[in-house]
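Shown next: model-v7.csv, given as CSV, C-alpha atoms.
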```csv
chain,number,residue,atom,x,y,z
W,1,MET,CA,4.7,47.6,-46.0
W,2,SER,CA,8.2,48.9,-46.6
W,3,ARG,CA,11.2,47.8,-44.5
W,4,ARG,CA,11.4,51.3,-43.1
W,5,ALA,CA,7.8,51.5,-42.0
W,6,ARG,CA,8.0,48.1,-40.4
W,7,LEU,CA,11.1,49.1,-38.4
W,8,TRP,CA,9.2,52.3,-37.2
W,9,LEU,CA,6.2,50.2,-36.2
W,10,VAL,CA,8.4,47.8,-34.1
W,11,ALA,CA,10.2,50.7,-32.6
W,12,VAL,CA,7.0,52.6,-31.6
W,13,GLY,CA,5.4,49.4,-30.3
W,14,GLY,CA,8.5,48.3,-28.4
W,15,ALA,CA,8.9,51.7,-26.8
W,16,GLY,CA,5.3,51.8,-25.7
W,17,LEU,CA,5.6,48.3,-24.2
W,18,ALA,CA,8.9,49.2,-22.4
W,19,ALA,CA,7.3,52.4,-21.0
W,20,LEU,CA,4.3,50.4,-19.6
W,21,PHE,CA,6.6,47.8,-18.1
W,22,VAL,CA,8.8,50.4,-16.4
W,23,ALA,CA,5.7,52.2,-15.1
W,24,ALA,CA,4.2,48.9,-13.8
W,25,ALA,CA,7.5,47.9,-12.2
W,26,LEU,CA,7.9,51.2,-10.3
W,27,ASP,CA,4.6,50.6,-8.6
W,28,LEU,CA,5.4,47.0,-7.5
W,29,PRO,CA,6.0,46.3,-3.8
W,30,ALA,CA,9.7,45.8,-3.0
W,31,PHE,CA,11.3,42.4,-3.6
W,32,GLY,CA,11.1,40.0,-0.7
W,33,GLY,CA,9.0,42.1,1.7
W,34,ASP,CA,6.8,40.5,4.4
W,35,HIS,CA,3.6,42.3,3.5
W,36,HIS,CA,1.5,39.9,1.3
W,37,PRO,CA,-2.2,40.9,1.4
W,38,TYR,CA,-3.2,38.4,-1.3
W,39,GLY,CA,-1.1,35.6,0.1
W,40,ASP,CA,-2.6,36.0,3.6
W,41,ARG,CA,-6.1,35.9,2.3
W,42,ALA,CA,-5.4,32.8,0.1
W,43,VAL,CA,-3.8,31.0,3.1
W,44,HIS,CA,-6.7,31.8,5.3
W,45,ALA,CA,-9.2,30.6,2.7
W,46,ALA,CA,-7.2,27.4,2.2
W,47,LEU,CA,-7.1,26.7,5.9
W,48,THR,CA,-10.8,27.2,6.5
W,49,ARG,CA,-11.4,24.5,3.8
W,50,ARG,CA,-8.7,22.3,5.4
W,51,THR,CA,-6.5,22.1,2.3
W,52,ALA,CA,-2.8,21.8,3.3
W,53,ASN,CA,-1.3,22.9,0.0
W,54,VAL,CA,-2.5,26.4,-0.5
W,55,ILE,CA,-1.5,26.4,-4.2
W,56,ALA,CA,-3.8,23.4,-4.7
W,57,SER,CA,-6.6,25.4,-2.9
W,58,VAL,CA,-6.0,28.4,-5.2
W,59,ASN,CA,-5.9,26.2,-8.3
W,60,PHE,CA,-8.8,23.8,-7.6
W,61,ASP,CA,-11.0,25.8,-5.2
W,62,GLN,CA,-10.5,29.6,-5.2
W,63,ARG,CA,-9.8,29.7,-8.9
W,64,ALA,CA,-11.2,26.4,-10.1
W,65,PHE,CA,-12.9,28.1,-13.1
W,66,ASP,CA,-9.5,29.4,-14.2
W,67,THR,CA,-8.1,25.9,-14.1
W,68,LEU,CA,-11.0,24.7,-16.2
W,69,GLY,CA,-9.9,27.2,-18.8
W,70,GLU,CA,-6.3,26.0,-18.7
W,71,MET,CA,-7.4,22.4,-18.9
W,72,THR,CA,-9.5,23.1,-22.0
W,73,ILE,CA,-6.6,24.9,-23.7
W,74,LEU,CA,-4.5,21.8,-23.3
W,75,PHE,CA,-7.3,19.6,-24.5
W,76,ALA,CA,-7.9,21.8,-27.6
W,77,ALA,CA,-4.2,22.0,-28.3
W,78,VAL,CA,-3.9,18.2,-28.2
W,79,ILE,CA,-6.9,17.8,-30.6
W,80,GLY,CA,-5.2,20.3,-32.9
W,81,CYS,CA,-2.0,18.3,-32.9
W,82,VAL,CA,-3.8,15.0,-33.5
W,83,ILE,CA,-5.5,16.6,-36.5
W,84,LEU,CA,-2.4,18.2,-37.9
W,85,LEU,CA,-0.1,15.2,-37.4
W,86,ARG,CA,-2.5,12.5,-38.7
W,87,ARG,CA,-1.4,10.3,-41.5
W,88,THR,CA,-2.5,11.7,-44.9
W,89,HIS,CA,-3.4,9.6,-47.9
W,90,ASP,CA,0.0,10.0,-49.6
W,91,GLU,CA,1.9,8.9,-46.6
W,92,HIS,CA,2.4,5.3,-45.6
W,93,ARG,CA,3.3,3.6,-42.3
W,94,GLY,CA,6.7,2.0,-42.3
W,95,ARG,CA,7.7,-0.8,-39.9
W,96,PRO,CA,10.7,0.6,-38.0
W,97,ALA,CA,13.4,-2.0,-37.4
W,98,PRO,CA,14.4,-2.4,-33.7
W,99,GLU,CA,17.6,-0.4,-33.0
W,100,LYS,CA,20.4,-1.9,-30.9
W,101,VAL,CA,20.3,-0.2,-27.4
W,102,ALA,CA,23.5,0.2,-25.4
W,103,ARG,CA,23.4,-2.0,-22.4
W,104,PRO,CA,23.8,0.7,-19.7
W,105,VAL,CA,21.1,2.8,-21.4
W,106,ARG,CA,18.7,-0.2,-21.4
W,107,ARG,CA,19.6,-1.1,-17.8
W,108,TYR,CA,19.2,2.4,-16.3
W,109,SER,CA,16.1,3.4,-18.2
W,110,LEU,CA,14.3,0.2,-17.2
W,111,LEU,CA,15.4,0.8,-13.7
W,112,VAL,CA,14.3,4.4,-13.5
W,113,LEU,CA,10.9,3.8,-15.3
W,114,PRO,CA,9.0,2.3,-12.4
W,115,VAL,CA,10.5,4.9,-10.0
W,116,ALA,CA,9.6,7.8,-12.2
W,117,LEU,CA,6.1,6.4,-12.8
W,118,LEU,CA,5.5,6.0,-9.1
W,119,THR,CA,6.8,9.5,-8.4
W,120,GLY,CA,4.4,10.9,-10.9
W,121,LEU,CA,1.4,9.0,-9.4
W,122,TYR,CA,2.6,10.1,-5.9
W,123,VAL,CA,2.8,13.7,-6.9
W,124,ILE,CA,-0.8,13.5,-8.4
W,125,ALA,CA,-2.2,11.8,-5.3
W,126,HIS,CA,-0.6,14.2,-2.8
W,127,GLY,CA,-1.4,17.4,-4.8
W,128,GLN,CA,-3.7,18.7,-2.1
W,129,LEU,CA,-1.1,18.1,0.6
W,130,SER,CA,2.4,18.8,-0.7
W,131,PRO,CA,3.9,20.7,-3.6
W,132,GLY,CA,2.9,19.3,-7.0
W,133,GLY,CA,-0.5,18.2,-8.2
W,134,GLY,CA,-2.3,16.9,-11.2
W,135,PHE,CA,-0.4,18.9,-13.8
W,136,GLN,CA,3.1,18.2,-12.6
W,137,GLY,CA,2.5,14.6,-11.7
W,138,GLY,CA,0.6,14.0,-14.9
W,139,VAL,CA,3.6,15.2,-17.0
W,140,VAL,CA,6.0,13.1,-15.0
W,141,ALA,CA,3.9,9.9,-15.2
W,142,ALA,CA,3.4,10.4,-19.0
W,143,THR,CA,7.0,11.1,-19.8
W,144,SER,CA,8.2,8.2,-17.6
W,145,LEU,CA,6.4,5.7,-19.9
W,146,HIS,CA,8.5,6.9,-22.8
W,147,LEU,CA,11.7,5.6,-21.0
W,148,LEU,CA,10.5,2.3,-22.5
W,149,TYR,CA,11.2,3.7,-26.0
W,150,LEU,CA,14.7,4.7,-24.8
W,151,GLY,CA,15.4,1.4,-23.0
W,152,ALA,CA,13.7,-1.2,-25.2
W,153,ASP,CA,12.2,-0.1,-28.6
W,154,TYR,CA,9.2,1.5,-30.2
W,155,ARG,CA,7.2,-1.7,-30.5
W,156,ALA,CA,7.5,-2.3,-26.7
W,157,LEU,CA,6.2,1.2,-26.1
W,158,GLU,CA,3.3,0.8,-28.4
W,159,ARG,CA,2.2,-2.4,-26.6
W,160,VAL,CA,1.9,-0.6,-23.2
W,161,ARG,CA,0.4,2.5,-24.8
W,162,PRO,CA,-2.8,1.9,-26.7
W,163,VAL,CA,-3.3,5.5,-27.9
W,164,ALA,CA,-7.1,5.2,-28.4
W,165,LEU,CA,-7.5,4.4,-24.7
W,166,TYR,CA,-5.5,7.5,-23.7
W,167,GLU,CA,-7.5,9.7,-26.1
W,168,THR,CA,-10.7,8.4,-24.4
W,169,GLY,CA,-9.2,9.0,-21.0
W,170,ASP,CA,-8.3,12.5,-21.9
W,171,ALA,CA,-11.9,13.3,-22.8
W,172,ILE,CA,-13.4,11.5,-19.8
W,173,ALA,CA,-11.1,13.4,-17.4
W,174,THR,CA,-12.0,16.7,-18.9
W,175,SER,CA,-15.7,15.8,-18.6
W,176,ALA,CA,-15.1,14.7,-15.0
W,177,TYR,CA,-13.9,18.1,-14.1
W,178,VAL,CA,-17.0,19.8,-15.6
W,179,VAL,CA,-19.3,17.2,-14.0
W,180,THR,CA,-17.7,17.9,-10.6
W,181,GLY,CA,-18.3,21.6,-11.3
W,182,LEU,CA,-22.0,20.9,-12.1
W,183,ALA,CA,-22.3,18.9,-8.9
W,184,GLY,CA,-21.3,22.1,-7.1
W,185,LEU,CA,-24.0,24.0,-9.0
W,186,ILE,CA,-26.8,21.4,-8.2
W,187,GLY,CA,-25.9,20.3,-4.7
W,188,GLY,CA,-24.2,23.5,-3.5
W,189,SER,CA,-24.3,27.1,-4.5
W,190,ALA,CA,-22.4,27.7,-7.8
W,191,PHE,CA,-20.5,26.1,-10.6
W,192,LEU,CA,-17.3,24.5,-9.2
W,193,ALA,CA,-18.1,25.7,-5.7
W,194,ASN,CA,-16.4,23.6,-3.1
W,195,THR,CA,-19.5,23.1,-0.9
W,196,VAL,CA,-20.6,19.6,-1.9
W,197,LEU,CA,-18.3,17.3,0.0
W,198,PRO,CA,-17.2,17.4,3.7
W,199,TYR,CA,-13.8,19.1,4.1
W,200,GLY,CA,-12.4,16.1,6.1
W,201,THR,CA,-9.4,16.1,8.4
W,202,PHE,CA,-6.6,18.6,7.7
W,203,ASN,CA,-3.5,17.1,6.1
W,204,THR,CA,-5.1,13.8,5.1
W,205,LEU,CA,-5.5,12.5,1.5
W,206,SER,CA,-9.2,13.0,1.5
W,207,SER,CA,-9.2,16.5,2.9
W,208,GLY,CA,-10.2,19.6,1.1
W,209,GLY,CA,-13.7,18.8,-0.3
W,210,THR,CA,-13.7,18.7,-4.1
W,211,VAL,CA,-10.0,19.7,-4.3
W,212,PRO,CA,-8.7,16.0,-4.5
W,213,LEU,CA,-11.3,15.1,-7.1
W,214,LEU,CA,-10.5,18.1,-9.4
W,215,ASN,CA,-6.8,17.5,-8.8
W,216,ALA,CA,-7.2,13.8,-9.9
W,217,ALA,CA,-9.2,14.8,-13.0
W,218,VAL,CA,-6.5,17.2,-14.0
W,219,GLY,CA,-3.8,14.6,-13.4
W,220,MET,CA,-5.5,12.1,-15.6
W,221,GLU,CA,-6.2,14.7,-18.3
W,222,VAL,CA,-2.6,15.9,-18.4
W,223,ALA,CA,-1.1,12.4,-18.3
W,224,CYS,CA,-3.4,11.2,-21.2
W,225,ALA,CA,-2.9,14.5,-23.1
W,226,VAL,CA,0.9,14.2,-22.9
W,227,VAL,CA,0.9,10.5,-23.9
W,228,VAL,CA,-1.3,11.3,-27.0
W,229,LEU,CA,0.8,14.3,-27.9
W,230,LEU,CA,4.1,12.4,-27.7
W,231,ALA,CA,2.5,9.4,-29.5
W,232,ARG,CA,1.6,11.7,-32.5
W,233,PHE,CA,5.1,13.2,-32.6
W,234,LEU,CA,6.7,9.7,-32.3
W,235,ASP,CA,4.4,8.4,-35.1
W,236,GLN,CA,5.6,11.1,-37.4
W,237,THR,CA,9.2,10.7,-36.5
W,238,VAL,CA,9.5,6.9,-36.4
W,239,GLU,CA,6.7,5.4,-38.5
W,240,ILE,CA,5.1,7.6,-41.0
W,241,GLU,CA,7.0,8.0,-44.3
W,242,GLU,CA,6.1,10.2,-47.1
W,243,GLY,CA,4.8,8.8,-50.4
W,244,ASN,CA,7.3,8.7,-53.2
W,245,GLY,CA,6.0,12.0,-54.6
W,246,LYS,CA,3.4,12.0,-57.3
E,1,MET,CA,23.1,34.3,2.5
E,2,ALA,CA,19.7,33.7,0.9
E,3,ASP,CA,20.2,36.8,-1.3
E,4,ALA,CA,23.5,35.4,-2.6
E,5,VAL,CA,21.8,32.2,-3.6
E,6,ILE,CA,19.1,34.1,-5.4
E,7,VAL,CA,21.6,36.2,-7.2
E,8,VAL,CA,23.6,33.1,-8.3
E,9,ALA,CA,20.4,31.5,-9.6
E,10,LEU,CA,19.4,34.6,-11.5
E,11,LEU,CA,22.8,34.8,-13.1
E,12,LEU,CA,22.7,31.2,-14.1
E,13,VAL,CA,19.2,31.7,-15.7
E,14,ALA,CA,20.5,34.8,-17.6
E,15,LEU,CA,23.5,32.8,-18.8
E,16,SER,CA,21.7,29.7,-20.0
E,17,ALA,CA,18.9,31.8,-21.5
E,18,THR,CA,21.5,33.7,-23.5
E,19,ALA,CA,23.2,30.5,-24.5
E,20,ALA,CA,19.8,29.1,-25.7
E,21,VAL,CA,19.4,32.0,-28.0
E,22,ALA,CA,23.1,32.1,-29.2
E,23,VAL,CA,23.2,28.4,-30.1
E,24,ARG,CA,22.0,28.1,-33.7
E,25,ASP,CA,21.7,24.3,-34.2
E,26,PRO,CA,18.1,23.3,-33.2
E,27,ALA,CA,19.2,19.9,-31.7
E,28,ARG,CA,21.7,21.6,-29.4
E,29,GLN,CA,19.3,24.3,-28.7
E,30,ALA,CA,16.9,21.7,-27.3
E,31,LEU,CA,19.6,20.5,-24.9
E,32,VAL,CA,20.4,24.0,-23.8
E,33,LEU,CA,16.7,24.6,-23.3
E,34,SER,CA,16.6,21.6,-21.0
E,35,VAL,CA,19.5,23.0,-18.9
E,36,LEU,CA,17.6,26.4,-18.8
E,37,GLY,CA,14.5,24.5,-17.5
E,38,LEU,CA,16.6,23.0,-14.8
E,39,VAL,CA,18.2,26.3,-13.7
E,40,LEU,CA,14.8,28.0,-13.7
E,41,ALA,CA,13.5,25.2,-11.5
E,42,VAL,CA,16.4,25.9,-9.1
E,43,LEU,CA,15.5,29.7,-9.2
E,44,PHE,CA,11.8,28.9,-8.4
E,45,THR,CA,12.8,26.6,-5.5
E,46,VAL,CA,15.1,29.3,-4.1
E,47,LEU,CA,12.2,31.8,-4.3
E,48,GLN,CA,10.0,29.3,-2.4
E,49,ALA,CA,7.7,28.3,-5.3
E,50,PRO,CA,8.2,24.5,-5.4
E,51,ASP,CA,4.9,24.0,-7.3
E,52,VAL,CA,6.1,26.1,-10.2
E,53,ALA,CA,9.5,24.6,-10.0
E,54,LEU,CA,8.0,21.1,-10.4
E,55,SER,CA,6.0,22.2,-13.5
E,56,GLN,CA,9.1,23.9,-14.9
E,57,LEU,CA,11.2,20.7,-14.4
E,58,ALA,CA,8.6,18.4,-16.0
E,59,VAL,CA,7.6,20.6,-18.9
E,60,GLY,CA,10.7,22.8,-19.5
E,61,SER,CA,13.5,20.3,-19.1
E,62,ALA,CA,11.8,17.1,-20.2
E,63,LEU,CA,8.7,17.6,-22.4
E,64,THR,CA,9.6,20.6,-24.5
E,65,PRO,CA,13.2,19.5,-25.5
E,66,LEU,CA,11.8,16.0,-26.3
E,67,LEU,CA,9.1,17.4,-28.7
E,68,LEU,CA,11.7,19.7,-30.2
E,69,LEU,CA,14.1,16.8,-30.8
E,70,LEU,CA,11.4,14.7,-32.4
E,71,ALA,CA,10.4,17.6,-34.7
E,72,VAL,CA,14.1,18.3,-35.7
E,73,HIS,CA,14.6,14.6,-36.4
E,74,LYS,CA,11.6,14.4,-38.7
E,75,VAL,CA,12.6,17.6,-40.6
E,76,ARG,CA,16.2,16.3,-41.1
E,77,ARG,CA,15.0,12.9,-42.3
E,78,ARG,CA,12.8,14.5,-44.9
E,79,GLY,CA,15.7,16.8,-46.0
E,80,LYS,CA,18.0,13.8,-46.4
E,81,LYS,CA,15.4,11.9,-48.4
E,82,GLU,CA,14.8,14.8,-50.8
E,83,GLY,CA,18.6,15.2,-51.3
E,84,HIS,CA,18.8,11.5,-52.0
E,85,HIS,CA,16.2,11.6,-54.7
E,86,ARG,CA,17.8,14.4,-56.7
```

Could you rewrite the structure in this file as structure tokens?
Amino acid sequence: MSRRARLWLVAVGGAGLAALFVAAALDLPAFGGDHHPYGDRAVHAALTRRTANVIASVNFDQRAFDTLGEMTILFAAVIGCVILLRRTHDEHRGRPAPEKVARPVRRYSLLVLPVALLTGLYVIAHGQLSPGGGFQGGVVAATSLHLLYLGADYRALERVRPVALYETGDAIATSAYVVTGLAGLIGGSAFLANTVLPYGTFNTLSSGGTVPLLNAAVGMEVACAVVVLLARFLDQTVEIEEGNGK
Amino acid sequence: MADAVIVVALLLVALSATAAVAVRDPARQALVLSVLGLVLAVLFTVLQAPDVALSQLAVGSALTPLLLLLAVHKVRRRGKKEGHHR
């Protein structure tokens, strides 16, 4: 395709998209109004199932199937990364020498690590009660482990992070979500239906039926997925060296 | 008052997003991206969406820049090695 034709194609496509966007924006309700038909219904549904965090109710109850899709996307993306970033036969694994870490960096990263890890686990555990949940807490918990790389060195990180274990954990957590969904199908009414477990007392850790379970499964899946993802990237950056060209 | 905060947050987002595009060095871009993640998290909090703000903070200002920096490091190391052999 010539340069001219390509420019025309971009111009026509862009103009069409812009026109659609403007048309859609003109029909939107005004910014910051107090009429929220969808919000009102979501809050009502969350309260009848005694889930304090309405967002968690939307994610893990009203649209649990949607979350299954998102979870599977992350799972597939991590598998893709693992395959792409594996060590090929003409690469070899070097032994990185420990770098000297500045004392303040070492002190503060080792000080922040347990706090960050605890924060991540707290955010996962309280996903059905307060803002946050499995996804956010999982990312925080997984990245907090990597402060060890910053504060100590790569060897120390590798010792607390057996990647095979996290790969298994990733798969188990994804399966746990599906199994909880199947329990809804067998014991209740439909796949991922929140009718199997009692709803419990409002605003306690065990409230919301299957919401805490699905939330925990997502937390474990995301934490494991991020650890595996970062492990592959770190492997490529720190350890794997290319063969000396054949 | 609340409107003023929203306007300031929106302006900060526009500013840091433009900076992220304007900076050409990938390593610096990763750092600007992490600032953009932080500012977006502030905007989401101001708009009363703390759940999204938390995701943005964790992914946008920690995870993505980290992955970018690791990738940049790997590419640069390879470039250096090839230059050395020649």

- Top pick for closest residue to chain E, considering W:Ala183, W:Leu20, W:Ala141, W:Ala173 and counting all atoms listed in the file: W:Ala141

Restrict the distance test to all atoms listed in the file, flag each residue of chain W within 12 Å of chain E, and return the flagged residues as an mmCIF file with C-alpha atoms, in the frame of the given file.
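The resulting file, out_20.cif, is reproduced below:
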```cif
data_model
loop_
_atom_site.group_PDB
_atom_site.id
_atom_site.type_symbol
_atom_site.label_atom_id
_atom_site.label_comp_id
_atom_site.auth_asym_id
_atom_site.auth_seq_id
_atom_site.Cartn_x
_atom_site.Cartn_y
_atom_site.Cartn_z
ATOM 1 C CA PHE W 31 11.300 42.400 -3.600
ATOM 2 C CA GLY W 32 11.100 40.000 -0.700
ATOM 3 C CA ASN W 53 -1.300 22.900 0.000
ATOM 4 C CA VAL W 54 -2.500 26.400 -0.500
ATOM 5 C CA ILE W 55 -1.500 26.400 -4.200
ATOM 6 C CA ALA W 56 -3.800 23.400 -4.700
ATOM 7 C CA VAL W 58 -6.000 28.400 -5.200
ATOM 8 C CA ASN W 59 -5.900 26.200 -8.300
ATOM 9 C CA CYS W 81 -2.000 18.300 -32.900
ATOM 10 C CA LEU W 85 -0.100 15.200 -37.400
ATOM 11 C CA ALA W 116 9.600 7.800 -12.200
ATOM 12 C CA THR W 119 6.800 9.500 -8.400
ATOM 13 C CA GLY W 120 4.400 10.900 -10.900
ATOM 14 C CA VAL W 123 2.800 13.700 -6.900
ATOM 15 C CA ILE W 124 -0.800 13.500 -8.400
ATOM 16 C CA GLY W 127 -1.400 17.400 -4.800
ATOM 17 C CA GLN W 128 -3.700 18.700 -2.100
ATOM 18 C CA LEU W 129 -1.100 18.100 0.600
ATOM 19 C CA SER W 130 2.400 18.800 -0.700
ATOM 20 C CA PRO W 131 3.900 20.700 -3.600
ATOM 21 C CA GLY W 132 2.900 19.300 -7.000
ATOM 22 C CA GLY W 133 -0.500 18.200 -8.200
ATOM 23 C CA GLY W 134 -2.300 16.900 -11.200
ATOM 24 C CA PHE W 135 -0.400 18.900 -13.800
ATOM 25 C CA GLN W 136 3.100 18.200 -12.600
ATOM 26 C CA GLY W 137 2.500 14.600 -11.700
ATOM 27 C CA GLY W 138 0.600 14.000 -14.900
ATOM 28 C CA VAL W 139 3.600 15.200 -17.000
ATOM 29 C CA VAL W 140 6.000 13.100 -15.000
ATOM 30 C CA ALA W 141 3.900 9.900 -15.200
ATOM 31 C CA ALA W 142 3.400 10.400 -19.000
ATOM 32 C CA THR W 143 7.000 11.100 -19.800
ATOM 33 C CA SER W 144 8.200 8.200 -17.600
ATOM 34 C CA HIS W 146 8.500 6.900 -22.800
ATOM 35 C CA LEU W 147 11.700 5.600 -21.000
ATOM 36 C CA LEU W 150 14.700 4.700 -24.800
ATOM 37 C CA VAL W 222 -2.600 15.900 -18.400
ATOM 38 C CA ALA W 223 -1.100 12.400 -18.300
ATOM 39 C CA VAL W 226 0.900 14.200 -22.900
ATOM 40 C CA VAL W 227 0.900 10.500 -23.900
ATOM 41 C CA LEU W 229 0.800 14.300 -27.900
ATOM 42 C CA LEU W 230 4.100 12.400 -27.700
ATOM 43 C CA ALA W 231 2.500 9.400 -29.500
ATOM 44 C CA ARG W 232 1.600 11.700 -32.500
ATOM 45 C CA PHE W 233 5.100 13.200 -32.600
ATOM 46 C CA LEU W 234 6.700 9.700 -32.300
ATOM 47 C CA ASP W 235 4.400 8.400 -35.100
ATOM 48 C CA GLN W 236 5.600 11.100 -37.400
ATOM 49 C CA THR W 237 9.200 10.700 -36.500
ATOM 50 C CA VAL W 238 9.500 6.900 -36.400
ATOM 51 C CA GLU W 239 6.700 5.400 -38.500
ATOM 52 C CA ILE W 240 5.100 7.600 -41.000
ATOM 53 C CA GLU W 241 7.000 8.000 -44.300
ATOM 54 C CA GLU W 242 6.100 10.200 -47.100
ATOM 55 C CA GLY W 243 4.800 8.800 -50.400
ATOM 56 C CA ASN W 244 7.300 8.700 -53.200
ATOM 57 C CA GLY W 245 6.000 12.000 -54.600
#
```

- Query: By how many Å are CA of Ala20 (chain E) and CA of Leu36 (chain E) apart?
  - Reply: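 Calculated distance between CA of Ala20 (chain E) and CA of Leu36 (chain E) is 7.7 Å.
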
- To one decimal place, how far is CA of Leu28 (chain W) from CA of Asp40 (chain W) in Å?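 Taking CA of Leu28 (chain W) as the start and CA of Asp40 (chain W) as the end point, the length is 17.6 Å.
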
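Nearest to Gln29 (chain E) of all the residues E:Thr64, E:Val5, E:Thr45, E:Lys80 is E:Thr64, counting all atoms listed in the file.
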
- Coordinates-based distance that separates CA of Leu157 (chain W) from CA of Val101 (chain W) (Å, one decimal):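 Interatomic distance, CA of Val101 (chain W) to CA of Leu157 (chain W): 14.2 Å.
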
- Note on the structure: Among E:Val39, E:Ala2, E:Ser61, E:Arg28, Ser16 (chain E) is approached most closely, using all atoms listed in the file, by E:Val39

- Message: Counting all atoms listed in the file, which residue out of E:Val46, E:Leu40, E:Ala14, E:Pro26 sits closest to Met1 (chain E)?
- Response: E:Val46

- Anything within 6 Å of (-16.0, 24.9, -13.5): list those residues as a ChimeraX atom specification, counting all atoms listed in the file and sticking to the file's coordinates. /W:65,68,178,181,191-192

- Message: Between W:Leu214, W:Ala25, W:Tyr149, W:Arg3, which residue has the minimum interatomic distance to Ala64 (chain W), considering all atoms listed in the file?
- Response: W:Leu214

- Kindly provide, as a PyMOL selection string, the polymer residues lying within 12 Å of (-9.9, 19.0, -1.7), counting only C-alpha atoms and using the coordinates exactly as they appear in the file. chain W and resi 46-62+64+125-129+133+180+192-216

Could you add whatever atoms are missing so that region 65-80 of chain E carries N, CA and C atoms, then write the result as a JSON list (two decimals), keeping the file's coordinate frame?
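Final file, part.json:
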```
[["chain", "number", "residue", "atom", "x", "y", "z"],
["E", 65, "PRO", "N", 12.00, 19.91, -24.71],
["E", 65, "PRO", "CA", 13.20, 19.50, -25.50],
["E", 65, "PRO", "C", 12.86, 18.17, -26.27],
["E", 66, "LEU", "N", 12.08, 17.27, -25.65],
["E", 66, "LEU", "CA", 11.80, 16.00, -26.30],
["E", 66, "LEU", "C", 10.95, 16.27, -27.59],
["E", 67, "LEU", "N", 9.91, 17.11, -27.49],
["E", 67, "LEU", "CA", 9.10, 17.40, -28.70],
["E", 67, "LEU", "C", 9.94, 18.12, -29.73],
["E", 68, "LEU", "N", 10.84, 19.02, -29.28],
["E", 68, "LEU", "CA", 11.70, 19.70, -30.20],
["E", 68, "LEU", "C", 12.61, 18.73, -30.96],
["E", 69, "LEU", "N", 13.23, 17.81, -30.21],
["E", 69, "LEU", "CA", 14.10, 16.80, -30.80],
["E", 69, "LEU", "C", 13.41, 15.97, -31.83],
["E", 70, "LEU", "N", 12.19, 15.55, -31.48],
["E", 70, "LEU", "CA", 11.40, 14.70, -32.40],
["E", 70, "LEU", "C", 11.12, 15.49, -33.69],
["E", 71, "ALA", "N", 10.73, 16.78, -33.54],
["E", 71, "ALA", "CA", 10.40, 17.60, -34.70],
["E", 71, "ALA", "C", 11.67, 17.78, -35.58],
["E", 72, "VAL", "N", 12.81, 18.05, -34.95],
["E", 72, "VAL", "CA", 14.10, 18.30, -35.70],
["E", 72, "VAL", "C", 14.43, 16.99, -36.46],
["E", 73, "HIS", "N", 14.26, 15.84, -35.79],
["E", 73, "HIS", "CA", 14.60, 14.60, -36.40],
["E", 73, "HIS", "C", 13.76, 14.35, -37.68],
["E", 74, "LYS", "N", 12.46, 14.63, -37.54],
["E", 74, "LYS", "CA", 11.60, 14.40, -38.70],
["E", 74, "LYS", "C", 11.95, 15.34, -39.85],
["E", 75, "VAL", "N", 12.22, 16.61, -39.56],
["E", 75, "VAL", "CA", 12.60, 17.60, -40.60],
["E", 75, "VAL", "C", 13.87, 17.16, -41.29],
["E", 76, "ARG", "N", 14.85, 16.72, -40.48],
["E", 76, "ARG", "CA", 16.20, 16.30, -41.10],
["E", 76, "ARG", "C", 16.01, 15.11, -41.93],
["E", 77, "ARG", "N", 15.18, 14.16, -41.48],
["E", 77, "ARG", "CA", 15.00, 12.90, -42.30],
["E", 77, "ARG", "C", 14.42, 13.24, -43.62],
["E", 78, "ARG", "N", 13.44, 14.16, -43.61],
["E", 78, "ARG", "CA", 12.80, 14.50, -44.90],
["E", 78, "ARG", "C", 13.82, 15.20, -45.78],
["E", 79, "GLY", "N", 14.65, 16.10, -45.21],
["E", 79, "GLY", "CA", 15.70, 16.80, -46.00],
["E", 79, "GLY", "C", 16.63, 15.82, -46.64],
["E", 80, "LYS", "N", 17.04, 14.80, -45.86],
["E", 80, "LYS", "CA", 18.00, 13.80, -46.40],
["E", 80, "LYS", "C", 17.39, 13.05, -47.53]]
```
